[in-house]
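Notes follow the structure.
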Amino acid sequence: MKVDVLLGLQWGDEGKGKIVDVLTPKYDIIARFQGGPNAGHTLEFEGIKHVLHTIPSGIFRNDVLNVVGNGVVIDPVIFNQELDKLRPFNINLKERLLISKKAHLILPTHRLLDAASEAAKGKNKIGSTLKGIGPTYMDKTGRNGLRVGDIFSPNFEKKYRILVEKHENILKHYSNYKYDLSEFEKPWLEAVAKLKELTVIDSEQYLNDALKNGKKILAEGAQGTLLDIDFGTYPFVTSSNTVTAGTCTGLGVAPTKIGSVIGIFKAYCTRVGSGPFPTELHDEDGELIRKEGREFGATTGRPRRCGWIDLPALKYAIMINGVTELSMMKADVLGPFEKIKVCTHYMIDGEKVEYLPYDVTDLEIIPVYEELEGWNCDLTALNSYDDSPRQLKDYVTYLEQNLGVPISVVSVGPDRKQTLSNKVLV
């Protein structure tokens, strides 16, 4: 057996949580491989909207195990809040939720460092979610971090104090930043105690044994390819590898064990926070997309920047990830438009460019558009792709031809039932 991978191809917020939820019945295990509470995976069914930040999106399906992999960073307080929201649904969390011993912990001082650093940047701020993600990954690579397995050590408190002291010494350099650690520390330690009550595992061994035993595994990514620390629009990126390769390091599975790669993208583009966005709209069309798509961050609540779909960026993401099939989300949002624009390439210094260049943050990029006929109708009541308007089918075919990858799913609303199969998915 091999691990199938599901990840975002834009700047996050593509709708990964919904498709994981839809696909979960086909799998035995759903495993998150990177990121942390900076993610916001939204699921909607039976009239209830759920937002998950760290817990895998398969948690609501019976008979499926959910693994938080070693590549994930965990804030015990936020994690515990997620657990509290799940309790009314009678989910046996001790049996269905497994946590890697090697997953790193976000400390209260990590969040303080994040806030202090972002404030000090002023106009040059990255647009951090202020969840402490960056400082936690910095400690991980600096070999100073605390991991979930450490909370069971008799020396845990000593390890914690050493790391906190290091952080407080760094915070002294931000002379204008004031904080009260005691305000955050007590709930954090209480949440750690509750974390110890859950099932903690050697996740890499567990997952590889599961593969040997014929179990089907879906790896769930967070954020999006264009936020990848190596291949995203640096420095306006997250702190982890959001691409397919991150599955290997974030779960401990070999590259030869990767199967299908499902790329998720919106029928248009959005991004939260700072950074380049070639097709961003600052007009009525952008406002209409934001309104129709309810484009506000699931984690931060910040309004998302909106624009037309960007084929050069999508082709780049498909190449980096080895995408084998696509899911197009939020087709319904473009319902009011009589005409839809597609960015086919960029003009940079008078030259035609069809990929995302290295210095995308500094260059003046002029998107070149092709105009297509919109469907100009409400799609949310559709039950079958075959019943879709011709213009939507034409849009899907146009994208498939230009991207070179089949679109297996078209989403026409937030509910799991509003998911149209164009072809057989995985």
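Letters for chains follow the order of the structure tokens (A, B, ...), residue numbers begin at 1 for each chain, and ligand numbers begin at 1 in the order shown.
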Pick out the residues sitting within 12 Å of Asp362 (chain A), and hand them over as a PDB file with N, CA and C atoms, in the first residue's frame; count only C-alpha atoms, and ignore anything fewer than 4 positions along from it in its own chain.
```pdb
ATOM      1  N   THR A 233       6.228  31.927  -1.877  1.00  0.00           N
ATOM      2  CA  THR A 233       6.587  33.315  -2.178  1.00  0.00           C
ATOM      3  C   THR A 233       7.362  33.906  -0.995  1.00  0.00           C
ATOM      4  N   TYR A 234       8.561  33.391  -0.825  1.00  0.00           N
ATOM      5  CA  TYR A 234       9.454  33.756   0.280  1.00  0.00           C
ATOM      6  C   TYR A 234       9.783  35.253   0.232  1.00  0.00           C
ATOM      7  N   PRO A 235       9.828  35.948   1.394  1.00  0.00           N
ATOM      8  CA  PRO A 235       9.724  35.428   2.756  1.00  0.00           C
ATOM      9  C   PRO A 235       8.299  35.379   3.308  1.00  0.00           C
ATOM     10  N   GLY A 275       2.438  39.840   1.146  1.00  0.00           N
ATOM     11  CA  GLY A 275       3.112  39.039   0.128  1.00  0.00           C
ATOM     12  C   GLY A 275       2.567  39.254  -1.263  1.00  0.00           C
ATOM     13  N   PRO A 276       3.319  38.826  -2.273  1.00  0.00           N
ATOM     14  CA  PRO A 276       2.917  39.022  -3.665  1.00  0.00           C
ATOM     15  C   PRO A 276       1.667  38.239  -4.034  1.00  0.00           C
ATOM     16  N   PHE A 277       0.896  38.810  -4.927  1.00  0.00           N
ATOM     17  CA  PHE A 277      -0.358  38.204  -5.378  1.00  0.00           C
ATOM     18  C   PHE A 277      -0.644  38.791  -6.773  1.00  0.00           C
ATOM     19  N   PRO A 278      -0.059  38.197  -7.823  1.00  0.00           N
ATOM     20  CA  PRO A 278      -0.123  38.786  -9.167  1.00  0.00           C
ATOM     21  C   PRO A 278      -1.520  39.099  -9.673  1.00  0.00           C
ATOM     22  N   ILE A 348       6.923  40.185 -17.642  1.00  0.00           N
ATOM     23  CA  ILE A 348       7.920  40.720 -16.721  1.00  0.00           C
ATOM     24  C   ILE A 348       9.043  41.346 -17.543  1.00  0.00           C
ATOM     25  N   PRO A 357       8.491  33.015 -10.895  1.00  0.00           N
ATOM     26  CA  PRO A 357       9.936  33.237 -10.827  1.00  0.00           C
ATOM     27  C   PRO A 357      10.453  33.409  -9.403  1.00  0.00           C
ATOM     28  N   TYR A 358      11.757  33.317  -9.265  1.00  0.00           N
ATOM     29  CA  TYR A 358      12.416  33.437  -7.962  1.00  0.00           C
ATOM     30  C   TYR A 358      12.073  34.750  -7.272  1.00  0.00           C
TER      31      TYR A 358
END
```
Exercise for the section: Return as a VMD selection string the full set of residues in region 36-119 of chain A whose backbone-based DSSP assignment is strand (DSSP E). Expected result: chain A and resid 41 to 45 48 to 52 65 to 68 73 to 74 97 to 100 104 to 105
Write out as a list in words the residues lying within 9 Å of region 289-294 of chain A, counting only C-alpha atoms and excluding same-chain residues fewer than 6 positions away.
-> Tyr268, Thr270, Pro303, Arg304, Arg305, Cys306, Gly307, Lys330, Asp332, Val333, Leu334, Gly335 and Pro336 of chain A
Of A:Val3, A:Ala116, A:Leu23, A:Ala193, the one sitting nearest Phe156 (chain A) when using only C-alpha atoms is A:Ala193
Q. Mind checking DSSP for region 141-382 of chain A and telling me the alpha helix (DSSP H) residues as a PyMOL selection string?
A. chain A and resi 141+156-171+182-195+203-212+245-251+284-293+311-321
Keeping only C-alpha atoms, take the residues you just selected and write them out as a compact mmCIF listing (two decimals), in the first residue's frame.
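That gives us out36.txt:
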```txt
# COMPACT_ATOMS: atom_id res chain seq x y z
CA THR A 141 15.77 23.16 13.75
CA PHE A 156 10.00 17.84 31.73
CA GLU A 157 9.67 20.83 34.04
CA LYS A 158 13.42 21.41 33.96
CA LYS A 159 13.48 21.22 30.16
CA TYR A 160 10.55 23.60 29.98
CA ARG A 161 12.17 26.16 32.29
CA ILE A 162 15.45 26.11 30.37
CA LEU A 163 13.64 26.86 27.11
CA VAL A 164 11.47 29.56 28.68
CA GLU A 165 14.56 31.25 30.13
CA LYS A 166 16.13 31.28 26.67
CA HIS A 167 13.00 32.87 25.22
CA GLU A 168 12.80 35.51 27.93
CA ASN A 169 16.38 36.53 27.25
CA ILE A 170 15.48 37.03 23.59
CA LEU A 171 12.37 39.01 24.52
CA SER A 182 1.93 34.02 34.10
CA GLU A 183 -1.28 34.89 32.26
CA PHE A 184 -0.54 32.21 29.65
CA GLU A 185 1.51 29.67 31.56
CA LYS A 186 -1.12 28.27 33.94
CA PRO A 187 -3.66 27.29 31.22
CA TRP A 188 -0.80 25.90 29.12
CA LEU A 189 0.40 23.56 31.88
CA GLU A 190 -3.19 22.48 32.56
CA ALA A 191 -3.61 21.68 28.87
CA VAL A 192 -0.38 19.66 28.87
CA ALA A 193 -1.81 17.54 31.69
CA LYS A 194 -4.88 16.81 29.56
CA LEU A 195 -2.68 16.04 26.56
CA SER A 203 3.93 7.56 14.63
CA GLU A 204 6.50 6.68 11.96
CA GLN A 205 6.59 3.06 13.11
CA TYR A 206 2.83 2.95 13.49
CA LEU A 207 2.15 4.29 9.98
CA ASN A 208 4.69 2.07 8.25
CA ASP A 209 3.32 -1.00 10.06
CA ALA A 210 -0.17 0.06 8.96
CA LEU A 211 0.99 0.19 5.33
CA LYS A 212 2.50 -3.29 5.62
CA ALA A 245 7.89 16.08 0.07
CA GLY A 246 6.76 17.30 3.49
CA THR A 247 4.71 14.13 3.79
CA CYS A 248 7.89 12.08 3.95
CA THR A 249 9.56 14.17 6.66
CA GLY A 250 6.31 14.95 8.47
CA LEU A 251 5.13 11.35 8.78
CA GLU A 284 -15.75 45.58 -7.60
CA ASP A 285 -14.99 42.09 -8.94
CA GLY A 286 -12.61 41.46 -6.03
CA GLU A 287 -15.19 42.69 -3.54
CA LEU A 288 -17.89 40.52 -5.10
CA ILE A 289 -15.69 37.41 -4.87
CA ARG A 290 -14.95 38.19 -1.21
CA LYS A 291 -18.64 38.69 -0.45
CA GLU A 292 -19.88 35.63 -2.34
CA GLY A 293 -17.10 33.41 -1.00
CA LEU A 311 -2.40 29.34 -14.17
CA PRO A 312 1.39 29.98 -14.00
CA ALA A 313 1.27 29.62 -10.22
CA LEU A 314 -0.97 26.54 -10.46
CA LYS A 315 1.29 24.86 -13.02
CA TYR A 316 4.25 25.54 -10.75
CA ALA A 317 2.46 23.99 -7.75
CA ILE A 318 1.39 20.95 -9.78
CA MET A 319 5.00 20.42 -10.90
CA ILE A 320 6.50 20.75 -7.43
CA ASN A 321 3.99 18.32 -5.91
```
Pick from A:Asn66, A:Ser274, A:Asn80, A:Ser408: nearest to Met329 (chain A), with only C-alpha atoms counted?
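Ranking A:Asn66, A:Ser274, A:Asn80, A:Ser408 by distance to Met329 (chain A), first place goes to A:Ser408.
In this model, the gap between CA of Asp114 (chain A) and CA of Met138 (chain A) comes to 11.0 Å.
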Which neighbours of region 86-95 of chain A fall inside 6 Å, counting only C-alpha atoms, when residues of the same chain fewer than 2 positions from it are skipped, and could you give them as a list in words?
->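 The filter keeps Leu83, Asp84, Leu97, Leu198 and Thr199 of chain A.
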In Å, with one decimal, what is the gap from CA of Thr344 (chain A) to CA of Glu370 (chain A)?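 Spanning CA of Thr344 (chain A) to CA of Glu370 (chain A) is a straight-line distance of 6.6 Å.
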Find the spatial neighbours of Ala381 (chain A), counting only C-alpha atoms, within a cut-off of 9 Å - ignore same-chain residues fewer than 4 positions away - and output them as a list in words.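 Near neighbours after the sequence-gap exclusion: Val412, Gly413 and Gln418 of chain A.
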Serialized selection, C-alpha atoms, as a PDB file, in the first residue's frame:
```pdb
ATOM      1  CA  VAL A 412     -20.422  23.914  -5.433  1.00  0.00           C
ATOM      2  CA  GLY A 413     -20.975  24.735  -1.767  1.00  0.00           C
ATOM      3  CA  GLN A 418     -22.335  19.840  -2.430  1.00  0.00           C
TER       4      GLN A 418
END
```
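Remark: for Asn70 (chain A), the closest of the candidate residues A:Leu7, A:Asp21, A:Ile201, A:Ala39 is A:Ile201 (distances computed over only C-alpha atoms).
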* Taking into account only C-alpha atoms, which residue in the set A:Ala219, A:Gly273, A:Val368, A:Asp359 is nearest to Gly301 (chain A)? ->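 Between A:Ala219, A:Gly273, A:Val368, A:Asp359, the residue approaching Gly301 (chain A) most closely is A:Gly273.
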Which residues come within 12 Å of Asp139 (chain A), counting only C-alpha atoms, excluding same-chain residues fewer than 6 positions away, as a PDB file with C-alpha atoms, in the first residue's frame?
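File produced: around-v2.pdb:
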```
ATOM      1  CA  VAL A  73       3.522  21.653  15.959  1.00  0.00           C
ATOM      2  CA  HIS A 104       6.883  19.656  18.768  1.00  0.00           C
ATOM      3  CA  LEU A 105       5.102  21.765  21.382  1.00  0.00           C
ATOM      4  CA  ILE A 106       4.280  25.450  21.036  1.00  0.00           C
ATOM      5  CA  LEU A 107       5.077  27.183  24.322  1.00  0.00           C
ATOM      6  CA  THR A 109       6.799  32.122  25.035  1.00  0.00           C
ATOM      7  CA  HIS A 110       6.813  30.997  21.396  1.00  0.00           C
ATOM      8  CA  LEU A 113       8.241  35.823  20.487  1.00  0.00           C
ATOM      9  CA  GLY A 132       3.962  30.880  17.650  1.00  0.00           C
ATOM     10  CA  ILE A 133       4.498  28.606  14.656  1.00  0.00           C
ATOM     11  CA  GLY A 145      12.507  22.265  21.124  1.00  0.00           C
ATOM     12  CA  LEU A 146      10.204  20.359  23.407  1.00  0.00           C
ATOM     13  CA  ARG A 147       8.280  17.418  21.949  1.00  0.00           C
ATOM     14  CA  LEU A 163      13.643  26.859  27.107  1.00  0.00           C
ATOM     15  CA  VAL A 164      11.473  29.560  28.676  1.00  0.00           C
ATOM     16  CA  LYS A 166      16.133  31.282  26.672  1.00  0.00           C
ATOM     17  CA  HIS A 167      13.002  32.873  25.217  1.00  0.00           C
ATOM     18  CA  SER A 239       7.681  27.754   8.461  1.00  0.00           C
TER      19      SER A 239
END
```
